[in-house]
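K.L.:
This is protein26.cif, which holds mmCIF, C-alpha atoms and all ligand atoms:
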data_protein
loop_
_atom_site.label_atom_id
_atom_site.label_comp_id
_atom_site.auth_asym_id
_atom_site.auth_seq_id
_atom_site.Cartn_x
_atom_site.Cartn_y
_atom_site.Cartn_z
CA MET A 26 -17.99 -20.16 -46.33
CA PRO A 27 -18.43 -23.91 -45.83
CA ILE A 28 -16.94 -25.04 -42.57
CA SER A 29 -14.42 -27.33 -44.28
CA GLN A 30 -12.64 -24.30 -45.74
CA VAL A 31 -12.18 -22.52 -42.40
CA ALA A 32 -8.68 -23.09 -41.04
CA PRO A 33 -8.73 -24.46 -37.51
CA ALA A 34 -7.68 -21.96 -34.88
CA ARG A 35 -4.10 -22.45 -33.72
CA PRO A 36 -3.50 -19.91 -30.96
CA SER A 37 -0.19 -21.51 -30.00
CA ARG A 38 1.27 -20.36 -33.31
CA LEU A 39 2.07 -17.03 -31.67
CA ARG A 40 3.60 -18.69 -28.61
CA GLN A 41 6.33 -20.66 -30.30
CA THR A 42 9.35 -18.42 -29.91
CA PRO A 43 10.40 -15.69 -27.50
CA ALA A 44 10.27 -13.18 -30.35
CA LEU A 45 6.67 -14.04 -31.22
CA ARG A 46 5.59 -14.10 -27.59
CA GLN A 47 7.14 -10.71 -27.05
CA LEU A 48 5.44 -9.30 -30.13
CA VAL A 49 1.95 -10.10 -28.86
CA GLN A 50 2.43 -9.45 -25.15
CA GLU A 51 -0.43 -7.35 -23.83
CA GLY A 52 0.82 -6.28 -20.43
CA GLN A 53 3.90 -4.42 -19.37
CA LEU A 54 5.52 -4.38 -15.98
CA ALA A 55 8.12 -1.71 -15.35
CA PRO A 56 10.02 -0.58 -12.25
CA ARG A 57 8.39 2.86 -12.50
CA GLN A 58 5.04 1.24 -11.63
CA LEU A 59 6.31 -0.29 -8.39
CA ILE A 60 6.08 1.26 -4.94
CA MET A 61 8.05 -0.20 -2.05
CA PRO A 62 6.48 0.00 1.44
CA LEU A 63 9.09 0.82 4.09
CA PHE A 64 8.89 0.86 7.89
CA VAL A 65 10.74 3.62 9.68
CA ARG A 66 11.60 3.17 13.35
CA PRO A 67 13.48 5.18 15.99
CA GLY A 68 17.18 4.64 16.59
CA ARG A 69 20.40 4.68 14.65
CA ARG A 70 22.02 2.18 12.30
CA LEU A 71 19.15 -0.27 12.76
CA ARG A 72 17.95 -2.77 10.23
CA GLN A 73 15.65 -4.83 12.39
CA PRO A 74 14.32 -7.94 10.58
CA ILE A 75 10.54 -8.43 10.67
CA PRO A 76 10.01 -12.11 11.60
CA SER A 77 6.69 -12.57 9.81
CA MET A 78 8.01 -10.89 6.66
CA PRO A 79 11.39 -12.47 5.84
CA GLY A 80 13.55 -10.05 3.86
CA GLN A 81 11.75 -6.95 5.20
CA HIS A 82 13.09 -4.68 7.94
CA GLN A 83 12.22 -1.86 10.26
CA LEU A 84 14.74 0.86 9.38
CA SER A 85 16.15 3.73 11.38
CA ILE A 86 16.30 6.95 9.37
CA ASP A 87 19.98 6.57 8.37
CA ALA A 88 19.32 3.01 7.17
CA LEU A 89 16.21 4.22 5.35
CA LEU A 90 18.30 6.74 3.42
CA LYS A 91 20.70 4.01 2.29
CA GLU A 92 17.86 1.74 1.26
CA CYS A 93 16.16 4.52 -0.69
CA GLU A 94 19.35 5.40 -2.55
CA GLN A 95 19.40 1.85 -3.91
CA LEU A 96 15.72 1.92 -4.74
CA GLN A 97 16.09 5.15 -6.67
CA ARG A 98 18.91 3.61 -8.69
CA LEU A 99 16.57 0.77 -9.63
CA GLY A 100 14.12 3.24 -11.14
CA LEU A 101 11.33 2.45 -8.70
CA GLY A 102 8.11 4.46 -8.86
CA GLY A 103 8.49 5.48 -5.25
CA VAL A 104 8.38 4.43 -1.61
CA LEU A 105 5.48 4.37 0.85
CA LEU A 106 6.47 5.24 4.41
CA PHE A 107 4.99 3.72 7.56
CA GLY A 108 6.03 4.81 11.03
CA VAL A 109 6.70 2.36 13.86
CA ALA A 110 5.89 4.57 16.81
CA THR A 111 6.98 4.01 20.39
CA HIS A 112 4.88 6.79 21.98
CA LYS A 113 1.16 6.12 21.79
CA ASP A 114 -1.79 7.93 23.37
CA ALA A 115 -5.57 8.23 23.03
CA GLN A 116 -5.19 11.31 20.79
CA ALA A 117 -2.59 9.79 18.44
CA SER A 118 -0.60 12.96 18.99
CA ARG A 119 2.65 11.52 17.58
CA ALA A 120 0.93 10.99 14.23
CA PHE A 121 0.97 14.74 13.52
CA ALA A 122 3.93 15.91 15.62
CA SER A 123 6.30 18.03 13.54
CA GLN A 124 9.20 16.10 15.12
CA GLY A 125 7.44 12.75 14.60
CA LEU A 126 9.26 9.83 13.06
CA VAL A 127 7.72 9.99 9.59
CA GLN A 128 8.07 13.77 9.50
CA GLN A 129 11.79 13.53 10.34
CA ALA A 130 12.27 10.75 7.82
CA LEU A 131 10.59 12.86 5.13
CA ARG A 132 12.86 15.84 5.75
CA ALA A 133 15.95 13.62 5.66
CA LEU A 134 14.81 11.89 2.46
CA LYS A 135 13.94 15.12 0.69
CA ALA A 136 17.32 16.62 1.60
CA ARG A 137 19.27 13.59 0.38
CA LEU A 138 17.13 12.27 -2.50
CA PRO A 139 14.93 15.12 -3.70
CA ARG A 140 13.79 13.31 -6.85
CA LEU A 141 12.58 10.12 -5.19
CA LEU A 142 8.77 10.04 -4.98
CA VAL A 143 7.78 9.62 -1.35
CA LEU A 144 4.26 8.62 -0.38
CA THR A 145 3.13 8.47 3.23
CA ASP A 146 0.53 6.35 4.94
CA VAL A 147 -1.91 8.58 6.78
CA CYS A 148 -3.55 6.69 9.63
CA LEU A 149 -3.74 6.74 13.40
CA CYS A 150 -3.51 3.05 14.34
CA ALA A 151 0.27 3.06 14.90
CA TYR A 152 -0.13 6.06 17.23
CA THR A 153 -3.27 5.32 19.27
CA SER A 154 -2.91 3.43 22.55
CA HIS A 155 -5.85 1.17 21.54
CA GLY A 156 -4.52 0.52 18.03
CA HIS A 157 -7.63 1.60 16.13
CA CYS A 158 -7.43 3.71 12.99
CA GLY A 159 -9.50 6.48 14.53
CA LEU A 160 -10.00 8.20 17.87
CA LEU A 161 -12.63 6.49 20.02
CA HIS A 162 -15.50 7.67 22.20
CA GLY A 163 -15.49 7.05 25.90
CA ARG A 164 -14.51 3.97 27.80
CA ARG A 165 -15.31 0.57 26.44
CA ARG A 166 -17.13 -2.21 28.14
CA GLN A 167 -16.08 -5.84 27.70
CA ASN A 168 -16.70 -7.05 24.12
CA GLU A 169 -18.03 -3.68 23.05
CA ALA A 170 -17.32 -2.66 19.46
CA PRO A 171 -15.09 0.42 19.12
CA ARG A 172 -17.11 3.62 18.68
CA VAL A 173 -15.25 6.06 16.47
CA ASP A 174 -15.24 9.77 17.27
CA LEU A 175 -15.55 10.81 13.63
CA PRO A 176 -15.08 14.60 13.87
CA GLY A 177 -12.06 14.18 16.15
CA THR A 178 -10.65 11.47 13.89
CA LEU A 179 -11.01 13.61 10.76
CA ARG A 180 -9.27 16.53 12.47
CA ALA A 181 -6.37 14.28 13.52
CA LEU A 182 -6.08 12.73 10.05
CA ALA A 183 -6.12 16.15 8.39
CA ARG A 184 -3.41 17.43 10.74
CA THR A 185 -1.34 14.32 10.02
CA ALA A 186 -1.61 14.78 6.26
CA VAL A 187 -0.66 18.46 6.52
CA SER A 188 2.34 17.64 8.72
CA HIS A 189 3.49 15.11 6.11
CA ALA A 190 3.08 17.61 3.27
CA GLN A 191 4.94 20.23 5.28
CA ALA A 192 7.82 17.79 5.79
CA GLY A 193 7.98 17.06 2.06
CA ALA A 194 5.59 14.18 1.24
CA ASP A 195 4.90 14.01 -2.49
CA VAL A 196 1.62 12.06 -2.09
CA VAL A 197 -0.47 11.29 0.99
CA ALA A 198 -2.29 7.96 1.22
CA PRO A 199 -4.99 7.79 3.90
CA SER A 200 -5.58 4.16 4.95
CA ASP A 201 -8.01 4.78 7.82
CA MET A 202 -11.30 4.07 5.97
CA MET A 203 -13.14 6.78 7.89
CA ASP A 204 -16.09 8.44 6.14
CA GLY A 205 -15.18 11.87 4.85
CA ASN A 206 -11.42 11.36 5.23
CA VAL A 207 -10.52 12.45 1.70
CA ALA A 208 -12.61 15.64 1.90
CA ALA A 209 -11.20 16.55 5.30
CA ILE A 210 -7.63 15.97 4.11
CA ARG A 211 -8.12 17.83 0.81
CA HIS A 212 -9.57 20.87 2.56
CA ALA A 213 -6.81 20.94 5.15
CA LEU A 214 -4.04 20.53 2.56
CA ASP A 215 -5.49 23.30 0.42
CA ALA A 216 -5.95 25.62 3.40
CA ALA A 217 -2.30 25.07 4.36
CA GLY A 218 -1.12 25.87 0.83
CA HIS A 219 -0.44 22.29 -0.26
CA THR A 220 -2.87 22.41 -3.17
CA HIS A 221 -0.44 20.45 -5.35
CA VAL A 222 -0.12 17.38 -3.08
CA PRO A 223 -2.16 14.48 -4.52
CA ILE A 224 -4.24 12.04 -2.47
CA LEU A 225 -4.01 8.31 -3.10
CA ALA A 226 -7.21 7.11 -1.43
CA TYR A 227 -7.38 3.62 0.07
CA THR A 228 -10.83 3.47 -1.51
CA ALA A 229 -11.62 -0.21 -1.26
CA LYS A 230 -9.78 -1.43 1.78
CA TYR A 231 -11.26 -4.66 3.04
CA ALA A 232 -11.31 -6.01 6.59
CA SER A 233 -8.84 -8.76 5.73
CA ALA A 234 -7.00 -11.53 7.55
CA LEU A 235 -3.99 -10.69 5.38
CA TYR A 236 -2.77 -7.69 7.41
CA GLY A 237 -1.40 -9.76 10.31
CA PRO A 238 2.31 -9.56 9.44
CA PHE A 239 2.01 -5.79 8.86
CA ARG A 240 0.46 -5.26 12.26
CA GLU A 241 3.40 -7.06 13.79
CA ALA A 242 5.82 -4.97 11.73
CA ALA A 243 4.13 -1.66 12.57
CA ASN A 244 3.08 -2.67 16.07
CA SER A 245 -0.42 -1.48 15.19
CA ALA A 246 -2.82 -4.32 16.05
CA PRO A 247 -6.09 -3.23 17.70
CA GLN A 248 -6.01 -3.91 21.44
CA PHE A 249 -9.69 -4.87 21.47
CA GLY A 250 -12.38 -5.51 18.85
CA ASP A 251 -11.57 -5.46 15.16
CA ARG A 252 -11.70 -3.12 12.18
CA ARG A 253 -14.95 -4.37 10.61
CA GLY A 254 -16.78 -1.25 11.71
CA TYR A 255 -14.78 0.84 9.26
CA GLN A 256 -13.05 -1.47 6.77
CA MET A 257 -15.11 -3.15 4.02
CA ASP A 258 -16.78 -6.55 4.07
CA PRO A 259 -15.00 -8.98 1.68
CA ARG A 260 -18.45 -10.00 0.38
CA ASN A 261 -19.13 -6.57 -1.12
CA ALA A 262 -18.21 -5.27 -4.56
CA GLU A 263 -20.84 -2.62 -5.33
CA GLU A 264 -19.92 -0.87 -2.12
CA ALA A 265 -16.44 -0.36 -3.58
CA LEU A 266 -18.00 1.55 -6.48
CA ARG A 267 -19.86 3.81 -4.05
CA GLU A 268 -16.69 4.36 -2.01
CA ALA A 269 -14.83 5.29 -5.20
CA GLN A 270 -17.53 7.72 -6.28
CA ALA A 271 -17.40 9.45 -2.90
CA ASP A 272 -13.58 9.59 -2.84
CA LEU A 273 -13.35 11.03 -6.35
CA ALA A 274 -16.04 13.61 -5.60
CA ALA A 275 -14.04 14.61 -2.51
CA GLY A 276 -10.92 15.17 -4.60
CA ALA A 277 -9.05 11.86 -4.57
CA ASP A 278 -6.48 11.72 -7.37
CA MET A 279 -5.88 7.97 -7.39
CA LEU A 280 -7.78 4.99 -6.00
CA MET A 281 -6.44 1.94 -4.23
CA VAL A 282 -7.67 -1.61 -3.77
CA LYS A 283 -6.36 -3.63 -0.83
CA PRO A 284 -5.60 -6.51 -0.49
CA ALA A 285 -4.75 -7.19 -4.12
CA LEU A 286 -4.89 -10.80 -5.26
CA GLY A 287 -8.28 -11.84 -3.93
CA TYR A 288 -9.73 -8.56 -5.17
CA LEU A 289 -8.84 -8.53 -8.88
CA ASP A 290 -12.52 -8.06 -9.74
CA ILE A 291 -12.58 -4.87 -7.69
CA ILE A 292 -9.46 -3.55 -9.43
CA TYR A 293 -11.05 -4.33 -12.78
CA ARG A 294 -14.38 -2.73 -11.93
CA LEU A 295 -12.88 0.47 -10.55
CA LYS A 296 -10.63 0.86 -13.57
CA GLN A 297 -13.53 0.27 -15.98
CA ALA A 298 -15.95 2.53 -14.13
CA PHE A 299 -13.77 5.52 -13.35
CA ALA A 300 -10.77 5.59 -15.70
CA VAL A 301 -8.47 7.05 -13.06
CA PRO A 302 -5.12 5.64 -11.91
CA VAL A 303 -5.75 2.57 -9.75
CA ALA A 304 -3.21 1.19 -7.30
CA ALA A 305 -3.20 -2.33 -5.87
CA PHE A 306 -1.68 -3.01 -2.45
CA ASN A 307 -0.14 -6.48 -2.48
CA VAL A 308 -0.24 -6.77 1.31
CA SER A 309 1.94 -8.30 4.01
CA GLY A 310 -0.04 -11.55 4.28
CA GLU A 311 0.19 -12.08 0.52
CA TYR A 312 3.96 -11.62 0.79
CA ALA A 313 4.24 -13.90 3.82
CA MET A 314 2.29 -16.71 2.14
CA VAL A 315 4.69 -16.84 -0.79
CA LYS A 316 7.69 -16.68 1.54
CA ALA A 317 6.34 -19.46 3.76
CA ALA A 318 5.58 -21.80 0.87
CA ALA A 319 8.92 -21.06 -0.80
CA ALA A 320 10.79 -21.77 2.46
CA ARG A 321 9.34 -25.29 2.32
CA GLY A 322 10.31 -25.68 -1.29
CA TRP A 323 6.68 -25.91 -2.35
CA VAL A 324 6.69 -23.04 -4.84
CA ASP A 325 9.19 -21.21 -7.01
CA GLU A 326 9.38 -17.87 -5.20
CA PRO A 327 10.48 -15.44 -7.96
CA ALA A 328 8.28 -17.15 -10.55
CA LEU A 329 5.29 -16.88 -8.25
CA TRP A 330 5.61 -13.22 -7.30
CA MET A 331 6.31 -12.20 -10.88
CA GLU A 332 3.16 -14.04 -12.00
CA GLN A 333 1.16 -12.35 -9.25
CA LEU A 334 2.39 -8.88 -10.18
CA LEU A 335 1.57 -9.52 -13.84
CA CYS A 336 -1.94 -10.59 -12.85
CA LEU A 337 -2.44 -7.30 -11.01
CA ARG A 338 -1.41 -5.42 -14.14
CA ARG A 339 -3.74 -7.55 -16.28
CA ALA A 340 -6.64 -6.76 -13.96
CA GLY A 341 -6.03 -3.07 -14.56
CA ALA A 342 -3.78 -1.85 -11.75
CA ASP A 343 -1.54 1.01 -12.86
CA VAL A 344 0.48 1.17 -9.67
CA LEU A 345 1.64 -1.83 -7.65
CA ILE A 346 2.44 -1.34 -3.99
CA THR A 347 4.38 -4.45 -3.08
CA TYR A 348 7.07 -5.78 -0.76
CA TRP A 349 8.51 -7.44 -3.87
CA ALA A 350 9.16 -4.05 -5.49
CA GLN A 351 12.91 -4.06 -5.00
CA GLN A 352 13.43 -7.64 -6.21
CA ALA A 353 11.04 -7.15 -9.10
CA ALA A 354 12.82 -3.99 -10.22
CA GLN A 355 16.14 -5.84 -10.08
CA VAL A 356 14.81 -8.62 -12.30
CA LEU A 357 13.18 -6.20 -14.74
CA GLN A 358 16.28 -4.04 -14.98
CA ALA A 359 18.48 -7.07 -15.70
CA ARG A 360 16.11 -8.11 -18.50
CA THR A 361 16.30 -4.85 -20.36
CA ARG A 362 20.08 -4.89 -20.37
C1 LIG A 401 -3.04 0.86 8.69
C2 LIG A 401 -2.60 -0.02 7.57
C3 LIG A 401 -2.65 -1.42 7.50
C4 LIG A 401 -2.05 -1.76 6.31
C5 LIG A 401 -1.68 -0.58 5.67
N1 LIG A 401 -2.04 0.49 6.45
C6 LIG A 401 -3.13 -2.41 8.50
C7 LIG A 401 -4.53 -2.42 8.91
O1 LIG A 401 -5.39 -1.71 8.38
O2 LIG A 401 -4.80 -3.16 9.86
C8 LIG A 401 -1.81 -3.15 5.82
C9 LIG A 401 -0.62 -3.32 4.94
C10 LIG A 401 -0.15 -4.72 4.78
O3 LIG A 401 -0.72 -5.68 5.34
O4 LIG A 401 0.84 -4.89 4.07
N2 LIG A 401 -4.33 1.35 8.58
ZN ZN A 402 -4.90 2.27 10.51
#
Translate the structure described by the file into structure tokens.
Ligand code: PBG
Ligand code: ZN
P.N.:
Amino acid sequence: MPISQVAPARPSRLRQTPALRQLVQEGQLAPRQLIMPLFVRPGRRLRQPIPSMPGQHQLSIDALLKECEQLQRLGLGGVLLFGVATHKDAQASRAFASQGLVQQALRALKARLPRLLVLTDVCLCAYTSHGHCGLLHGRRRQNEAPRVDLPGTLRALARTAVSHAQAGADVVAPSDMMDGNVAAIRHALDAAGHTHVPILAYTAKYASALYGPFREAANSAPQFGDRRGYQMDPRNAEEALREAQADLAAGADMLMVKPALGYLDIIYRLKQAFAVPVAAFNVSGEYAMVKAAAARGWVDEPALWMEQLLCLRRAGADVLITYWAQQAAQVLQARTR
């Protein structure tokens, strides 16, 4: 066909009205895809604001129950529990105590809201006196990098996961980034009769500067050194594929990428390569940045977080773990009415 007879492309034709835009929308965002991270702390009737995360709170168990009732009404996909521990030791023994904070919270939640999906973070950093995600060898010298006791760490992680499952966790999500964690947890869960409890593996968790507000919220910052010996280097993408392969071979049911927004390529590549459910963790620093800019009037807060969540979906994330989950579900629910 001679070029003169070809009609010029006019892509904006399908953008002219809300009805047309809706017809050709590719992505969907629904409350059922959103997971709200929640911090549970000791005490009663406490809703302690987290300064670096405006709008987020540490909740005592009774306050957690109230919060979760609302979240369930919004049709959220679930909640992800983090414990803010007060007792810490070198063995992280409160991580797997049957009367631990998360374990008590799980029993209370399952009694009150049996249908709400409850995921738990499985890690040791909130429970170790040194704040690392694993148990460490020996005494450190000045400026020495932490040396992880891997067998001891895997045993503690496995015990923690089993204690969560025993208390009613629907899904366990190990965030420690220790080699062999998924295999150790899968074996221990199966041996304890929890063969049905899925593992959401923090497969590609990067050593990021975006976890600062979380570490304040969970009181889990490392007391010396950093986490680069076990979390991934932000330069690396192929390594994420190898991590994913290992996690899936060990029995992971879902994969996670964390942080989310700087790592859209990793989300995309994992989804393309493995065709399993992929979760994106839109982390505390990503939340705090939007809040800080909005407080100065520099950005439109709800427009910005909605755009960011849609971008995560476009990249291929099936599940969005985000501190915006409650607000987003409210907006989405209002739209469908
Ligand atoms: C603990 C853990 C962290 C986060 C989730 N689990 C912090 C870290 O690894 O230092 C970060 C979550 C967030 O920033 O929102 N292993
Ligand atoms: Zn940790």
K.L.:
Which residues sit within 9 Å of ligand LIG 401 (chain A), counting only C-alpha atoms and all ligand atoms, listed as a JSON list (two decimals) with C-alpha atoms, in the coordinates of the input?
P.N.:
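Saved file selection-v2.json follows:
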[["chain", "number", "residue", "atom", "x", "y", "z"],
["A", 62, "PRO", "CA", 6.48, 0.00, 1.44],
["A", 107, "PHE", "CA", 4.99, 3.72, 7.56],
["A", 146, "ASP", "CA", 0.53, 6.35, 4.94],
["A", 147, "VAL", "CA", -1.91, 8.58, 6.78],
["A", 148, "CYS", "CA", -3.55, 6.69, 9.63],
["A", 149, "LEU", "CA", -3.74, 6.74, 13.40],
["A", 150, "CYS", "CA", -3.51, 3.05, 14.34],
["A", 151, "ALA", "CA", 0.27, 3.06, 14.90],
["A", 156, "GLY", "CA", -4.52, 0.52, 18.03],
["A", 157, "HIS", "CA", -7.63, 1.60, 16.13],
["A", 158, "CYS", "CA", -7.43, 3.71, 12.99],
["A", 199, "PRO", "CA", -4.99, 7.79, 3.90],
["A", 200, "SER", "CA", -5.58, 4.16, 4.95],
["A", 201, "ASP", "CA", -8.01, 4.78, 7.82],
["A", 202, "MET", "CA", -11.30, 4.07, 5.97],
["A", 227, "TYR", "CA", -7.38, 3.62, 0.07],
["A", 230, "LYS", "CA", -9.78, -1.43, 1.78],
["A", 231, "TYR", "CA", -11.26, -4.66, 3.04],
["A", 232, "ALA", "CA", -11.31, -6.01, 6.59],
["A", 233, "SER", "CA", -8.84, -8.76, 5.73],
["A", 234, "ALA", "CA", -7.00, -11.53, 7.55],
["A", 235, "LEU", "CA", -3.99, -10.69, 5.38],
["A", 236, "TYR", "CA", -2.77, -7.69, 7.41],
["A", 237, "GLY", "CA", -1.40, -9.76, 10.31],
["A", 238, "PRO", "CA", 2.31, -9.56, 9.44],
["A", 239, "PHE", "CA", 2.01, -5.79, 8.86],
["A", 240, "ARG", "CA", 0.46, -5.26, 12.26],
["A", 243, "ALA", "CA", 4.13, -1.66, 12.57],
["A", 245, "SER", "CA", -0.42, -1.48, 15.19],
["A", 246, "ALA", "CA", -2.82, -4.32, 16.05],
["A", 247, "PRO", "CA", -6.09, -3.23, 17.70],
["A", 251, "ASP", "CA", -11.57, -5.46, 15.16],
["A", 252, "ARG", "CA", -11.70, -3.12, 12.18],
["A", 256, "GLN", "CA", -13.05, -1.47, 6.77],
["A", 283, "LYS", "CA", -6.36, -3.63, -0.83],
["A", 284, "PRO", "CA", -5.60, -6.51, -0.49],
["A", 306, "PHE", "CA", -1.68, -3.01, -2.45],
["A", 307, "ASN", "CA", -0.14, -6.48, -2.48],
["A", 308, "VAL", "CA", -0.24, -6.77, 1.31],
["A", 309, "SER", "CA", 1.94, -8.30, 4.01],
["A", 310, "GLY", "CA", -0.04, -11.55, 4.28],
["A", 311, "GLU", "CA", 0.19, -12.08, 0.52],
["A", 312, "TYR", "CA", 3.96, -11.62, 0.79],
["A", 346, "ILE", "CA", 2.44, -1.34, -3.99],
["A", 347, "THR", "CA", 4.38, -4.45, -3.08],
["A", 348, "TYR", "CA", 7.07, -5.78, -0.76]]
K.L.:
Which residue, A:Asp343, A:Asp174, A:Asp204, A:Glu94, has the smallest gap to Gln53 (chain A) when you use only C-alpha atoms?
P.N.:
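Closest to Gln53 (chain A), using only C-alpha atoms: A:Asp343.
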K.L.:
Have a look at CA of Tyr288 (chain A) and CA of Ala229 (chain A) and let me know their distance in Å, one decimal.
P.N.:
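Between CA of Tyr288 (chain A) and CA of Ala229 (chain A) the gap works out to 9.4 Å.
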K.L.:
Which is closer to Gln270 (chain A) than all the others in A:Leu289, A:Val207, A:Ala34, A:Ala353, using only C-alpha atoms?
P.N.:
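Residue with the minimum atom-to-atom distance to Gln270 (chain A): A:Val207.
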K.L.:
Find the smallest box with edges along x, y and z containing every listed atom of region 131-147 of chain A, then add 3 Å on each side and report centre and edge lengths in Å to one decimal, as AutoDock Vina command-line options.
P.N.:
--center_x 8.7 --center_y 11.5 --center_z 0.0 --size_x 27.2 --size_y 16.3 --size_z 19.6
K.L.:
Using only C-alpha atoms and all ligand atoms, pick whichever of A:Arg35, A:Arg137, A:Arg132, A:His155 has the shortest atom-to-atom distance to ligand ZN 402 (chain A).
P.N.:
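Looking at the shortest contact to ligand ZN 402 (chain A), the residue is A:His155.
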K.L.:
Skip Leu225 (chain A) itself and residues of its chain fewer than 2 positions away, then list as a ChimeraX atom specification all residues within 7 Å of it, counting only C-alpha atoms.
P.N.:
/A:196-198,223,227,277-281
K.L.:
Could you tell me how far CA of Leu335 (chain A) lies from CA of Arg267 (chain A), in Å and to one decimal?
P.N.:
27.1 Å
K.L.:
Quick one: distance from CA of Pro74 (chain A) to CA of Phe121 (chain A) in Å, one decimal?
P.N.:
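So the answer is 26.5 Å.
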K.L.:
Measuring atom to atom with only C-alpha atoms and all ligand atoms, identify which of A:Gln355, A:Ser85, A:Ser77, A:Thr178 is nearest to ligand ZN 402 (chain A).
P.N.:
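For ligand ZN 402 (chain A), the nearest of the candidates is A:Thr178.
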K.L.:
Name the closest residue to Asn261 (chain A) among the candidates A:Ala285, A:Ala192, A:Ile291, A:Leu337; distances are taken between atoms, counting only C-alpha atoms.
P.N.:
A:Ile291
K.L.:
Could you tell me which of A:Ser123, A:Ser188, A:Thr153, A:Thr220 comes closest to ligand ZN 402 (chain A) if we count only C-alpha atoms and all ligand atoms?
P.N.:
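Selected residue with least distance to ligand ZN 402 (chain A): A:Thr153.
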K.L.:
List the neighbours of Lys113 (chain A) out to 8 Å using only C-alpha atoms; skip same-chain residues closer than 3 positions along the sequence, and give me the result as a list in words.
P.N.:
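Returned residues: Ala110, Ala117, Ser118, Arg119, Ala151, Tyr152, Thr153 and Ser154 of chain A.
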K.L.:
Excluding Arg140 (chain A) and its own-chain neighbours fewer than 3 positions away, which residues fall within 10 Å of it when counting all atoms listed in the file? Please give them as a list in words.
P.N.:
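That gives Gln97, Gly103, Leu134, Lys135, Ala136, Arg137, Val143 and Asp195 of chain A.
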K.L.:
I want to know what sits within 8 Å of Asn206 (chain A), based on all atoms listed in the file, with residues of the same chain fewer than 6 positions away left out; could you give that as a ChimeraX atom specification?
P.N.:
/A:179,182-183,199
K.L.:
Would you kindly return, as a PyMOL selection string, each protein, DNA or RNA residue with an atom no farther than 12 Å from any atom of Gln95 (chain A), considering all atoms listed in the file and excluding same-chain residues fewer than 3 positions away?
P.N.:
chain A and resi 61+88-92+98-101+103-104+138+141+350-352+354-355
K.L.:
What would region 176-186 of chain A look like with N, CA, C and O atoms in place, written as a short mmCIF file (atom, residue, chain, number, x, y, z; two decimals), in the frame of the given file?
P.N.:
data_model
loop_
_atom_site.label_atom_id
_atom_site.label_comp_id
_atom_site.auth_asym_id
_atom_site.auth_seq_id
_atom_site.Cartn_x
_atom_site.Cartn_y
_atom_site.Cartn_z
N PRO A 176 -15.64 13.25 14.06
CA PRO A 176 -15.08 14.60 13.87
C PRO A 176 -13.65 14.71 14.41
O PRO A 176 -12.78 15.29 13.74
N GLY A 177 -13.40 14.14 15.58
CA GLY A 177 -12.06 14.18 16.15
C GLY A 177 -11.06 13.42 15.28
O GLY A 177 -9.93 13.86 15.07
N THR A 178 -11.50 12.29 14.76
CA THR A 178 -10.65 11.47 13.89
C THR A 178 -10.28 12.24 12.62
O THR A 178 -9.11 12.27 12.22
N LEU A 179 -11.27 12.88 12.01
CA LEU A 179 -11.01 13.61 10.76
C LEU A 179 -10.05 14.77 11.00
O LEU A 179 -9.17 15.03 10.17
N ARG A 180 -10.22 15.44 12.15
CA ARG A 180 -9.27 16.53 12.47
C ARG A 180 -7.85 15.98 12.61
O ARG A 180 -6.90 16.56 12.08
N ALA A 181 -7.70 14.86 13.31
CA ALA A 181 -6.37 14.28 13.52
C ALA A 181 -5.76 13.80 12.20
O ALA A 181 -4.56 13.98 11.95
N LEU A 182 -6.58 13.21 11.35
CA LEU A 182 -6.08 12.73 10.05
C LEU A 182 -5.63 13.91 9.19
O LEU A 182 -4.58 13.86 8.54
N ALA A 183 -6.45 14.98 9.19
CA ALA A 183 -6.12 16.15 8.39
C ALA A 183 -4.81 16.78 8.88
O ALA A 183 -3.94 17.14 8.08
N ARG A 184 -4.66 16.87 10.20
CA ARG A 184 -3.41 17.43 10.74
C ARG A 184 -2.23 16.56 10.35
O ARG A 184 -1.14 17.06 10.06
N THR A 185 -2.42 15.24 10.38
CA THR A 185 -1.34 14.32 10.02
C THR A 185 -0.93 14.52 8.56
O THR A 185 0.27 14.64 8.25
N ALA A 186 -1.92 14.60 7.69
CA ALA A 186 -1.61 14.78 6.26
C ALA A 186 -0.87 16.10 6.03
O ALA A 186 0.11 16.15 5.28
#
